[in-house]
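The data block below is target_28.txt; it holds compact mmCIF, C-alpha atoms and all ligand atoms.
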# COMPACT_ATOMS: atom_id res chain seq x y z
CA MET A 18 0.00 0.00 0.00
CA ASP A 19 1.43 3.39 -0.84
CA VAL A 20 1.80 6.03 1.84
CA VAL A 21 -1.05 8.21 0.57
CA GLU A 22 -3.52 5.32 0.79
CA LEU A 23 -2.04 4.13 4.10
CA VAL A 24 -2.58 7.54 5.74
CA ASN A 25 -6.09 7.87 4.28
CA GLU A 26 -6.98 4.40 5.55
CA LEU A 27 -5.70 5.16 9.08
CA MET A 28 -7.72 8.37 9.17
CA ARG A 29 -10.88 6.59 7.98
CA ARG A 30 -10.37 3.95 10.67
CA ALA A 31 -9.94 6.67 13.30
CA VAL A 32 -13.25 8.29 12.28
CA ALA A 33 -15.01 4.90 12.35
CA ALA A 34 -13.61 4.29 15.86
CA ARG A 35 -14.95 7.73 16.99
CA ALA A 36 -11.39 8.77 17.88
CA SER A 37 -10.89 12.34 19.09
CA ASP A 38 -7.09 12.24 18.53
CA VAL A 39 -4.63 10.16 16.55
CA HIS A 40 -1.00 9.89 17.71
CA PHE A 41 1.90 8.96 15.42
CA GLU A 42 4.79 8.16 17.77
CA PRO A 43 8.23 7.29 16.35
CA GLY A 44 10.13 4.55 18.23
CA PRO A 45 13.45 2.76 17.73
CA ARG A 46 12.04 -0.05 15.55
CA GLU A 47 8.55 1.04 14.73
CA MET A 48 6.11 3.91 14.57
CA ARG A 49 3.21 3.44 16.92
CA VAL A 50 -0.21 4.75 15.88
CA ARG A 51 -2.69 5.23 18.70
CA PHE A 52 -6.31 6.41 18.76
CA ARG A 53 -7.86 8.27 21.68
CA VAL A 54 -11.42 7.01 22.13
CA ASP A 55 -13.64 8.07 25.05
CA SER A 56 -10.62 9.68 26.73
CA LEU A 57 -8.28 6.65 26.61
CA LEU A 58 -5.47 5.90 24.13
CA HIS A 59 -5.62 2.54 22.35
CA ASP A 60 -3.00 0.97 20.06
CA ALA A 61 -4.32 1.06 16.52
CA GLU A 62 -1.38 0.13 14.28
CA THR A 63 2.35 -0.49 14.30
CA LEU A 64 4.26 0.69 11.23
CA PRO A 65 7.87 -0.16 10.31
CA ALA A 66 10.16 2.64 11.52
CA ALA A 67 11.49 3.06 7.97
CA ILE A 68 8.20 4.39 6.61
CA GLY A 69 7.59 6.66 9.63
CA PRO A 70 9.18 9.73 8.00
CA ASN A 71 7.11 9.18 4.82
CA VAL A 72 3.91 9.05 6.85
CA VAL A 73 4.88 12.24 8.68
CA ALA A 74 5.79 13.93 5.37
CA ARG A 75 2.45 12.94 3.86
CA LEU A 76 0.54 14.37 6.85
CA LYS A 77 2.57 17.59 6.58
CA VAL A 78 1.76 17.91 2.87
CA MET A 79 -1.96 17.43 3.60
CA ALA A 80 -1.81 20.12 6.31
CA GLY A 81 0.21 22.56 4.21
CA LEU A 82 3.24 22.41 6.52
CA LEU A 83 6.91 22.68 5.52
CA THR A 84 8.10 19.13 4.84
CA TYR A 85 11.78 20.11 4.85
CA ARG A 86 11.57 21.54 8.37
CA THR A 87 11.87 18.58 10.72
CA ASP A 88 13.57 20.35 13.63
CA THR A 89 10.78 22.64 14.78
CA PRO A 90 7.19 22.16 15.96
CA GLN A 91 4.57 23.03 13.34
CA GLU A 92 0.80 23.38 13.41
CA GLY A 93 -1.73 23.34 10.61
CA SER A 94 -4.97 21.77 9.53
CA ILE A 95 -6.20 19.38 6.87
CA PRO A 96 -9.35 20.62 5.13
CA PRO A 97 -12.42 18.35 5.06
CA ASP A 98 -12.44 15.59 2.42
CA PRO A 99 -15.68 13.57 2.15
CA ALA A 100 -13.72 10.48 1.07
CA VAL A 101 -11.37 10.54 4.07
CA VAL A 102 -12.36 12.79 6.99
CA PRO A 103 -15.46 14.91 6.35
CA PHE A 104 -14.38 17.68 8.77
CA ASP A 105 -11.35 19.76 9.74
CA VAL A 106 -8.37 17.91 11.20
CA ARG A 107 -5.83 19.85 13.30
CA VAL A 108 -2.25 18.69 12.85
CA ALA A 109 0.62 19.34 15.26
CA THR A 110 4.15 18.04 14.71
CA PHE A 111 6.92 17.90 17.28
CA PRO A 112 10.58 16.94 16.76
CA THR A 113 11.86 14.17 19.07
CA VAL A 114 15.20 12.32 19.18
CA ARG A 115 13.60 9.49 17.18
CA GLY A 116 12.03 11.70 14.55
CA GLU A 117 8.90 13.78 14.33
CA ARG A 118 5.87 12.97 16.39
CA VAL A 119 2.47 13.99 15.00
CA VAL A 120 -0.88 14.37 16.70
CA LEU A 121 -4.10 14.78 14.72
CA ARG A 122 -7.08 16.26 16.50
CA PHE A 123 -10.57 15.64 15.15
CA LEU A 124 -12.27 18.68 16.65
CA ALA A 125 -15.72 17.72 15.39
CA LEU A 126 -15.46 14.45 17.32
CA ARG A 127 -13.72 15.88 20.39
CA CYS A 128 -16.89 17.57 21.45
CA GLU A 129 -20.27 18.19 19.97
CA LEU A 130 -22.80 20.82 20.89
CA ARG A 131 -25.20 19.53 23.50
CA ALA A 132 -27.98 21.17 25.46
CA LEU A 133 -27.34 21.83 29.14
CA ASP A 134 -29.71 19.05 30.17
CA GLU A 135 -28.08 16.52 27.80
CA LEU A 136 -24.63 16.60 29.41
CA GLY A 137 -25.50 14.06 32.09
CA PHE A 138 -25.96 16.43 35.04
CA GLY A 139 -28.89 15.76 37.39
CA PRO A 140 -32.03 17.97 37.08
CA GLU A 141 -31.24 19.97 40.24
CA LEU A 142 -27.76 20.82 39.04
CA VAL A 143 -29.13 21.86 35.64
CA ALA A 144 -31.71 24.10 37.36
CA ASP A 145 -28.99 25.69 39.53
CA ILE A 146 -26.79 26.37 36.48
CA ARG A 147 -29.74 27.90 34.61
CA GLY A 148 -30.29 30.22 37.57
CA LEU A 149 -26.65 31.34 37.45
CA LEU A 150 -26.74 31.93 33.69
CA ALA A 151 -29.74 34.25 34.11
CA GLN A 152 -27.60 36.65 36.21
CA PRO A 153 -26.52 39.80 34.38
CA GLN A 154 -22.98 39.75 35.73
CA GLY A 155 -20.39 37.76 37.62
CA LEU A 156 -17.97 34.94 37.02
CA ILE A 157 -18.77 31.26 36.56
CA ILE A 158 -15.80 28.86 36.43
CA VAL A 159 -15.84 25.27 35.19
CA CYS A 160 -13.11 23.22 36.92
CA GLY A 161 -11.69 19.81 36.08
CA PRO A 162 -8.61 18.01 34.79
CA ALA A 163 -7.73 17.87 31.07
CA GLY A 164 -10.35 15.98 29.06
CA SER A 165 -13.12 16.38 31.63
CA GLY A 166 -15.54 18.01 29.17
CA LYS A 167 -15.11 21.62 30.31
CA THR A 168 -15.38 23.08 26.77
CA THR A 169 -18.54 21.11 26.01
CA THR A 170 -20.11 22.48 29.20
CA LEU A 171 -19.05 26.07 28.43
CA CYS A 172 -20.56 25.78 24.94
CA ALA A 173 -23.77 24.30 26.36
CA MET A 174 -23.94 27.26 28.75
CA LEU A 175 -23.48 29.78 25.92
CA SER A 176 -26.14 28.16 23.76
CA GLU A 177 -28.47 28.16 26.77
CA ILE A 178 -27.94 31.95 27.16
CA GLN A 179 -28.40 32.41 23.42
CA ARG A 180 -31.65 30.41 23.57
CA THR A 181 -33.13 32.20 26.58
CA SER A 182 -31.96 35.75 25.75
CA PRO A 183 -31.29 35.86 22.00
CA ALA A 184 -30.85 39.65 22.09
CA SER A 185 -27.68 39.52 24.22
CA SER A 186 -24.25 40.12 22.74
CA ILE A 187 -22.11 37.02 23.30
CA LEU A 188 -18.39 36.79 22.52
CA ALA A 189 -16.10 33.80 23.01
CA ILE A 190 -12.31 33.52 22.92
CA GLU A 191 -11.06 29.97 22.53
CA ASP A 192 -7.93 27.93 21.89
CA PRO A 193 -8.99 26.51 19.47
CA VAL A 194 -12.68 27.02 18.60
CA GLU A 195 -13.96 23.47 19.04
CA ILE A 196 -17.69 23.88 18.49
CA ARG A 197 -19.29 26.44 16.17
CA LEU A 198 -22.07 28.27 18.00
CA GLU A 199 -24.92 30.10 16.37
CA GLY A 200 -25.38 33.68 17.54
CA VAL A 201 -21.98 33.78 19.25
CA THR A 202 -18.96 35.68 17.91
CA GLN A 203 -16.05 33.27 18.34
CA ILE A 204 -12.39 34.26 18.21
CA GLU A 205 -9.46 31.88 18.16
CA VAL A 206 -6.28 32.88 19.99
CA ALA A 207 -3.10 32.89 17.88
CA PRO A 208 -0.12 33.46 20.20
CA GLU A 209 2.29 33.31 17.21
CA ARG A 210 0.59 36.47 15.90
CA GLY A 211 0.49 38.02 19.36
CA LEU A 212 -3.22 37.30 19.83
CA THR A 213 -3.19 35.82 23.32
CA TYR A 214 -6.19 35.46 25.65
CA GLY A 215 -5.13 38.70 27.35
CA VAL A 216 -4.79 40.74 24.14
CA ALA A 217 -8.04 39.37 22.68
CA LEU A 218 -9.96 40.00 25.91
CA ARG A 219 -8.69 43.59 26.22
CA SER A 220 -9.90 44.52 22.74
CA LEU A 221 -13.13 42.53 22.91
CA LEU A 222 -14.22 44.46 25.98
CA ARG A 223 -14.50 47.46 23.62
CA GLN A 224 -16.92 45.47 21.41
CA ASP A 225 -19.80 45.99 23.86
CA PRO A 226 -20.23 42.40 24.99
CA GLN A 227 -22.70 41.33 27.69
CA VAL A 228 -21.57 37.74 27.95
CA LEU A 229 -17.97 36.63 27.47
CA MET A 230 -16.54 33.14 27.38
CA ILE A 231 -12.80 32.78 27.87
CA GLY A 232 -11.79 29.20 27.05
CA GLU A 233 -9.36 28.84 29.93
CA VAL A 234 -7.64 30.92 32.59
CA ARG A 235 -3.99 29.86 32.52
CA ASP A 236 -2.08 32.87 33.80
CA ALA A 237 -2.32 35.80 36.19
CA ASP A 238 -2.77 38.37 33.40
CA THR A 239 -5.86 36.61 31.98
CA ALA A 240 -7.21 35.99 35.49
CA ARG A 241 -6.95 39.70 36.34
CA LEU A 242 -8.71 40.74 33.11
CA VAL A 243 -11.47 38.18 33.63
CA VAL A 244 -12.16 39.44 37.16
CA GLU A 245 -12.06 43.09 36.05
CA ALA A 246 -14.55 42.36 33.27
CA ALA A 247 -16.84 40.60 35.75
CA LEU A 248 -16.59 43.62 38.08
CA THR A 249 -17.68 46.00 35.33
CA GLY A 250 -21.04 44.42 34.59
CA HIS A 251 -20.32 41.45 32.33
CA LEU A 252 -21.21 37.82 32.73
CA LEU A 253 -17.99 35.83 32.33
CA LEU A 254 -17.74 32.09 31.75
CA THR A 255 -14.39 30.37 31.87
CA SER A 256 -12.62 27.17 32.82
CA MET A 257 -9.64 26.22 34.94
CA HIS A 258 -7.47 23.15 34.98
CA SER A 259 -7.96 22.14 38.61
CA GLY A 260 -8.97 19.05 40.53
CA SER A 261 -11.71 20.73 42.55
CA ALA A 262 -13.62 23.98 42.91
CA VAL A 263 -11.67 24.99 46.01
CA GLU A 264 -8.37 24.31 44.23
CA GLY A 265 -9.59 26.64 41.47
CA LEU A 266 -10.26 29.42 44.00
CA VAL A 267 -6.89 28.88 45.67
CA ARG A 268 -5.11 29.07 42.31
CA LEU A 269 -6.80 32.40 41.53
CA ARG A 270 -5.68 33.69 44.91
CA GLU A 271 -2.13 32.47 44.20
CA MET A 272 -2.23 34.35 40.90
CA GLY A 273 -2.41 37.49 43.01
CA LEU A 274 -6.14 38.25 42.91
CA PRO A 275 -7.28 39.80 46.18
CA ALA A 276 -9.91 37.84 48.11
CA TYR A 277 -12.42 40.73 48.07
CA GLN A 278 -12.36 40.70 44.23
CA LEU A 279 -12.98 36.96 44.17
CA THR A 280 -15.84 37.15 46.67
CA SER A 281 -17.51 39.95 44.73
CA THR A 282 -17.20 38.36 41.27
CA VAL A 283 -17.17 34.56 41.50
CA GLN A 284 -20.78 33.37 41.52
CA ALA A 285 -20.00 29.67 41.40
CA LEU A 286 -17.47 27.03 40.41
CA LEU A 287 -18.64 23.87 38.69
CA SER A 288 -16.35 20.90 39.24
CA GLN A 289 -16.82 18.13 36.70
CA ARG A 290 -15.59 14.79 35.33
CA LEU A 291 -16.48 12.51 32.42
CA LEU A 292 -17.39 8.86 32.98
CA ARG A 293 -17.39 6.34 30.14
CA THR A 294 -20.82 4.75 29.75
CA VAL A 295 -21.45 1.04 29.25
CA CYS A 296 -21.87 -0.04 25.62
CA ALA A 297 -25.59 -0.35 24.86
CA ARG A 298 -25.00 -3.04 22.22
CA CYS A 299 -23.13 -5.64 24.27
CA GLY A 300 -24.16 -4.44 27.73
CA GLY A 301 -20.39 -4.25 28.23
CA GLY A 302 -18.62 -2.65 31.13
CA ALA A 303 -15.70 -4.37 32.77
CA ALA A 304 -17.42 -7.77 33.05
CA ALA A 305 -18.22 -8.32 29.38
CA ARG A 306 -15.71 -8.75 26.59
CA GLY A 307 -17.15 -6.01 24.40
CA CYS A 308 -18.29 -6.04 20.79
CA ALA A 309 -17.43 -4.46 17.45
CA GLY A 310 -19.60 -1.45 18.33
CA CYS A 311 -17.37 -0.48 21.26
CA GLY A 312 -14.08 -1.72 19.83
CA GLY A 313 -13.98 -4.49 22.44
CA THR A 314 -13.74 -2.05 25.35
CA GLY A 315 -17.26 -2.55 26.72
CA TYR A 316 -17.77 1.21 26.83
CA SER A 317 -19.25 3.60 24.32
CA GLY A 318 -19.83 7.31 24.89
CA ARG A 319 -19.39 9.39 28.01
CA THR A 320 -21.47 11.29 30.51
CA ALA A 321 -20.58 14.28 32.64
CA ILE A 322 -20.99 14.38 36.41
CA GLY A 323 -20.71 17.66 38.23
CA GLN A 324 -20.96 19.50 41.49
CA LEU A 325 -21.57 23.19 42.03
CA LEU A 326 -19.86 25.34 44.65
CA THR A 327 -21.68 28.65 45.02
CA MET A 328 -20.26 31.63 46.87
CA SER A 329 -22.02 31.18 50.21
CA ALA A 330 -21.69 33.60 53.11
CA GLY A 331 -19.47 31.08 54.91
CA LEU A 332 -17.16 30.59 51.95
CA ARG A 333 -16.99 34.37 51.45
CA ARG A 334 -15.94 34.88 55.09
CA ALA A 335 -13.36 32.10 54.87
CA LEU A 336 -11.83 33.62 51.71
CA LEU A 337 -11.74 37.11 53.20
CA SER A 338 -10.02 35.79 56.33
CA ASP A 339 -7.35 34.21 54.11
CA ALA A 340 -8.28 30.64 55.13
CA ASP A 341 -6.05 27.78 53.93
CA VAL A 342 -7.17 25.02 51.55
CA GLU A 343 -8.22 22.76 54.39
CA ARG A 344 -10.57 25.32 55.93
CA LEU A 345 -11.92 26.33 52.53
CA SER A 346 -12.60 22.68 51.72
CA GLY A 347 -14.93 22.59 54.72
CA HIS A 348 -17.32 24.69 52.62
CA ASP A 349 -17.11 22.36 49.62
CA PRO A 350 -18.71 18.90 49.38
CA GLY A 351 -16.19 18.34 46.54
CA ARG A 352 -15.19 14.82 45.68
CA ALA A 353 -17.82 13.22 47.94
CA ALA A 354 -20.56 14.96 45.95
CA LEU A 355 -19.03 13.85 42.64
CA ARG A 356 -18.83 10.30 44.00
CA ALA A 357 -22.52 10.41 44.95
CA GLU A 358 -23.38 11.59 41.42
CA ALA A 359 -21.26 8.78 39.96
CA ARG A 360 -22.99 6.23 42.18
CA ARG A 361 -26.35 7.17 40.63
CA TRP A 362 -24.94 6.19 37.21
CA VAL A 363 -23.58 2.89 38.58
CA GLU A 364 -26.92 2.06 40.21
CA ARG A 365 -28.71 2.60 36.92
CA GLY A 366 -26.24 0.25 35.23
CA ARG A 367 -24.95 2.99 32.94
CA THR A 368 -21.34 2.82 34.12
CA THR A 369 -19.21 0.60 36.37
CA GLU A 370 -17.44 0.82 39.73
CA ALA A 371 -14.17 0.26 37.88
CA GLU A 372 -14.79 3.31 35.71
CA VAL A 373 -15.69 5.44 38.74
CA SER A 374 -12.44 4.46 40.49
CA ARG A 375 -10.45 5.15 37.33
CA VAL A 376 -11.85 8.68 37.16
CA LEU A 377 -12.27 9.61 40.83
CA GLY A 378 -9.47 7.50 42.33
ZN ZN B 1 -20.01 -3.28 22.98
For the structure just supplied, provide its representation as structure tokens.
Ligand SMILES: [Zn+2]
Amino acid sequence: MDVVELVNELMRRAVAARASDVHFEPGPREMRVRFRVDSLLHDAETLPAAIGPNVVARLKVMAGLLTYRTDTPQEGSIPPDPAVVPFDVRVATFPTVRGERVVLRFLALRCELRALDELGFGPELVADIRGLLAQPQGLIIVCGPAGSGKTTTLCAMLSEIQRTSPASSILAIEDPVEIRLEGVTQIEVAPERGLTYGVALRSLLRQDPQVLMIGEVRDADTARLVVEAALTGHLLLTSMHSGSAVEGLVRLREMGLPAYQLTSTVQALLSQRLLRTVCARCGGGAAARGCAGCGGTGYSGRTAIGQLLTMSAGLRRALLSDADVERLSGHDPGRAALRAEARRWVERGRTTEAEVSRVLG
């Protein structure tokens, strides 16, 4: 099989497997190809090391990257092709001692637009979130580790606002834009052109927004701008890479934000995780062997579980008195609440104990 057909075939297989990412990893004797499906990486193919560079070169040609540059990271995208992958594929290369490593990201399969009540959250949590989204100003932060569905939740929140108050002006800054949203102006950061979250947010505030979504708060500069925007009458939605809601608050404090600014802007922090759901075709889970529909894993699809920490009077006092993590955690049901949510899914037979321990430890 020639390299062109080999690469096309691997990409078609990845789409059929519902992969969100495809890794091409050069090794001493072989190039390993792995698919990420429902958050876990699975071996998909092993290619002879000798053809590795040809595969990488082919991917670079498809993505319009410089094939002769093998010593520097490059990023690009492969346009949709109905015969191979019918949507955009992001390509990122990275030089390693064994050659270039490539990761393909299938954004359309990484997350899809869902309504707030389709994410998997219980009805009370959905009602609480709807209440928060109806507020004219403040800061709502979605917390969780990488791959916990934070972007999908943020997009569901924006489309909920768009649905309930279609006249509001909604702007979103993302890295990258993963889901196209109707009625929302979306901007993609491009640090190589100087368009960082901070720069984009500063200029967007002059575009008369009412609701702003900032994909992720990663640094003190962005955190400061987000809080300032929330203080001046905007509703801000963002996410943070943190294990719990309290950890998110503590990180903001460590970024130098004064407690009084946090207590007057942060409305709530939503801590969330994704659980793989049992394959409906084979009734899978850990006990069964799986079927073709779930690639033999016993799981197919994922559901979110979440827990909301609102700024209560007690939490406000604790923050203002500079309480440590332990004392702050006293105001947060945290992991226990997530575990209780997860148990509801186990009891209904939709996921397994093994999956809950994998995700919640
Ligand atoms: Zn199955």
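Of the listed residues A:Cys308, A:Ala340, A:Ala330, A:Leu252, the one whose atoms come nearest to ligand ZN 1 (chain B) is A:Cys308, with distances taken using all atoms listed in the file.
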Worksheet item: Using only C-alpha atoms and all ligand atoms, what are the residues with an atom within 6 Å of ligand ZN 1 (chain B), set out as a ChimeraX atom specification?
Response: /A:296,298-299,301,307-308,310-311,315
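Each of A:Leu279, A:Val39, A:Leu64, A:Leu286 was compared to Ala262 of chain A using all atoms listed in the file, and A:Leu286 turns out to be the nearest.
The space separating atom CA of Glu205 of chain A from atom CA of Ala237 of chain A comes to 19.8 Å.
With all atoms listed in the file as the atoms that count, the minimum distance from Ser346 of chain A to the choices A:Ala309, A:Val373, A:Ala285, A:Val263 is reached by A:Val263.
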Practice prompt. Give as a list in words every residue, naming chains and numbers as the document does, that has an atom within 9 Å of (-21.5, 42.7, 36.1), counting all atoms listed in the file.
Written response: Gln152, Pro153, Gln154, Gly155, Leu156, Gln227, Ala246, Ala247, Leu248, Thr249, Gly250, His251, Leu252, Leu253 and Thr282 of chain A
Limited to C-alpha atoms, could you put the picked residues into a file as a PDB file, in the coordinates of the input?
ATOM      1  CA  GLN A 152     -27.600  36.650  36.210  1.00  0.00           C
ATOM      2  CA  PRO A 153     -26.520  39.800  34.380  1.00  0.00           C
ATOM      3  CA  GLN A 154     -22.980  39.750  35.730  1.00  0.00           C
ATOM      4  CA  GLY A 155     -20.390  37.760  37.620  1.00  0.00           C
ATOM      5  CA  LEU A 156     -17.970  34.940  37.020  1.00  0.00           C
ATOM      6  CA  GLN A 227     -22.700  41.330  27.690  1.00  0.00           C
ATOM      7  CA  ALA A 246     -14.550  42.360  33.270  1.00  0.00           C
ATOM      8  CA  ALA A 247     -16.840  40.600  35.750  1.00  0.00           C
ATOM      9  CA  LEU A 248     -16.590  43.620  38.080  1.00  0.00           C
ATOM     10  CA  THR A 249     -17.680  46.000  35.330  1.00  0.00           C
ATOM     11  CA  GLY A 250     -21.040  44.420  34.590  1.00  0.00           C
ATOM     12  CA  HIS A 251     -20.320  41.450  32.330  1.00  0.00           C
ATOM     13  CA  LEU A 252     -21.210  37.820  32.730  1.00  0.00           C
ATOM     14  CA  LEU A 253     -17.990  35.830  32.330  1.00  0.00           C
ATOM     15  CA  THR A 282     -17.200  38.360  41.270  1.00  0.00           C
TER      16      THR A 282
END
Quick one: what's the axis-aligned box for segment 53-72 of chain A, all listed atoms, 8 Å on every side, centre and edges in Å to one decimal, as AutoDock Vina command-line options?
--center_x -1.1 --center_y 4.6 --center_z 15.8 --size_x 41.1 --size_y 26.2 --size_z 37.9
Worksheet item: Distance atom CA of Arg115 of chain A-atom CA of Ala66 of chain A, one decimal place?
Response: 9.5 Å
Write out as CSV the residues of segment 253-313 of chain A that have any atom within 12 Å of an atom of segment 173-180 of chain A, one row each with the nearest atom pair and its distance in Å to one decimal, counting all atoms listed in the file, sorted by chain and then rising number.
residue,atom,partner,partner_atom,distance
A:Leu253,CA,A:Leu175,CA,10.4
A:Leu254,CA,A:Met174,CA,8.4
A:Thr255,CA,A:Met174,CA,10.5
A:Leu287,CA,A:Met174,CA,11.8
Discussion item. Give me the residues near Gly232 of chain A as a count of residues only, where near means some atom within 8 Å (using only C-alpha atoms) and where sequence neighbours in that chain fewer than 2 positions away do not count.
Written reply: 9
Worksheet item: Do you know which residues are at most 12 Å from Glu233 of chain A counting only C-alpha atoms, after dropping those on the same chain fewer than 6 positions away, and could you put them as an MDAnalysis selection string?
Response: chainID A and resid 157:163 167:168 171 189:194 206 213:215 218 239:240 243 253:259 265
Item to complete: Tell me, in Å to one decimal, how far atom CA of Leu149 of chain A is from atom CA of Arg365 of chain A.
Response: 28.8 Å
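Summary of the local environment: counting all atoms listed in the file, residues at most 12 Å from Val54 of chain A, other than itself and those fewer than 6 positions away along its chain, are Arg30, Ala31, Val32, Ala33, Ala34, Arg35, Ala36, Ser37, Asp38, Val39, His40, Asp60, Ala61, Arg122, Phe123, Leu126, Arg127, Cys128, Gly164, Arg293, Cys311, Gly312, Gly313, Thr314, Tyr316, Ser317, Gly318 and Arg319 of chain A.
Counting all atoms listed in the file and comparing A:Leu355, A:Ile146, A:Ala151, A:Ile196, the residue that lies closest to Arg131 of chain A is A:Ile196.
Counting all atoms listed in the file, Pro112 of chain A has the following residues at most 8 Å away, ignoring those fewer than 2 positions along the same chain: A:Thr87, A:Asp88, A:Thr89, A:Pro90, A:Thr110, A:Val114, A:Gly116, A:Glu117, A:Arg118.
Of the residues under consideration (A:Ala321, A:Val283, A:Val106, A:Val72), A:Ala321 shows the shortest atom-to-atom contact distance to Asp134 of chain A when counting all atoms listed in the file.
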For segment 321-327 of chain A, supply all heavy atoms and report the output as a short mmCIF file (atom, residue, chain, number, x, y, z; two decimals), in the frame of the given file.
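Saved to rebuild.cif:
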data_model
loop_
_atom_site.label_atom_id
_atom_site.label_comp_id
_atom_site.auth_asym_id
_atom_site.auth_seq_id
_atom_site.Cartn_x
_atom_site.Cartn_y
_atom_site.Cartn_z
N ALA A 321 -21.21 13.39 31.67
CA ALA A 321 -20.58 14.28 32.64
C ALA A 321 -21.24 14.11 34.01
O ALA A 321 -22.42 13.81 34.11
CB ALA A 321 -20.73 15.73 32.18
N ILE A 322 -20.43 14.24 35.06
CA ILE A 322 -20.99 14.38 36.41
C ILE A 322 -20.42 15.69 36.95
O ILE A 322 -19.29 16.06 36.61
CB ILE A 322 -20.62 13.19 37.34
CG1 ILE A 322 -19.11 12.90 37.29
CG2 ILE A 322 -21.41 11.96 36.98
CD1 ILE A 322 -18.64 11.96 38.38
N GLY A 323 -21.19 16.37 37.76
CA GLY A 323 -20.71 17.66 38.23
C GLY A 323 -21.21 18.01 39.61
O GLY A 323 -22.12 17.37 40.15
N GLN A 324 -20.60 19.03 40.16
CA GLN A 324 -20.96 19.50 41.49
C GLN A 324 -20.68 20.99 41.53
O GLN A 324 -19.66 21.46 41.04
CB GLN A 324 -20.12 18.74 42.51
CG GLN A 324 -20.21 19.24 43.92
CD GLN A 324 -18.95 19.95 44.33
OE1 GLN A 324 -17.86 19.64 43.85
NE2 GLN A 324 -19.10 20.93 45.20
N LEU A 325 -21.65 21.73 42.07
CA LEU A 325 -21.57 23.19 42.03
C LEU A 325 -21.19 23.74 43.41
O LEU A 325 -21.77 23.35 44.42
CB LEU A 325 -22.94 23.74 41.61
CG LEU A 325 -23.01 25.14 41.04
CD1 LEU A 325 -22.21 25.24 39.75
CD2 LEU A 325 -24.46 25.52 40.79
N LEU A 326 -20.22 24.64 43.42
CA LEU A 326 -19.86 25.34 44.65
C LEU A 326 -20.24 26.80 44.47
O LEU A 326 -19.63 27.51 43.66
CB LEU A 326 -18.36 25.21 44.92
CG LEU A 326 -17.83 25.97 46.15
CD1 LEU A 326 -18.41 25.41 47.44
CD2 LEU A 326 -16.31 25.93 46.19
N THR A 327 -21.28 27.24 45.17
CA THR A 327 -21.68 28.65 45.02
C THR A 327 -21.03 29.46 46.13
O THR A 327 -20.64 28.92 47.16
CB THR A 327 -23.22 28.81 45.08
OG1 THR A 327 -23.70 28.05 46.16
CG2 THR A 327 -23.86 28.33 43.79
#
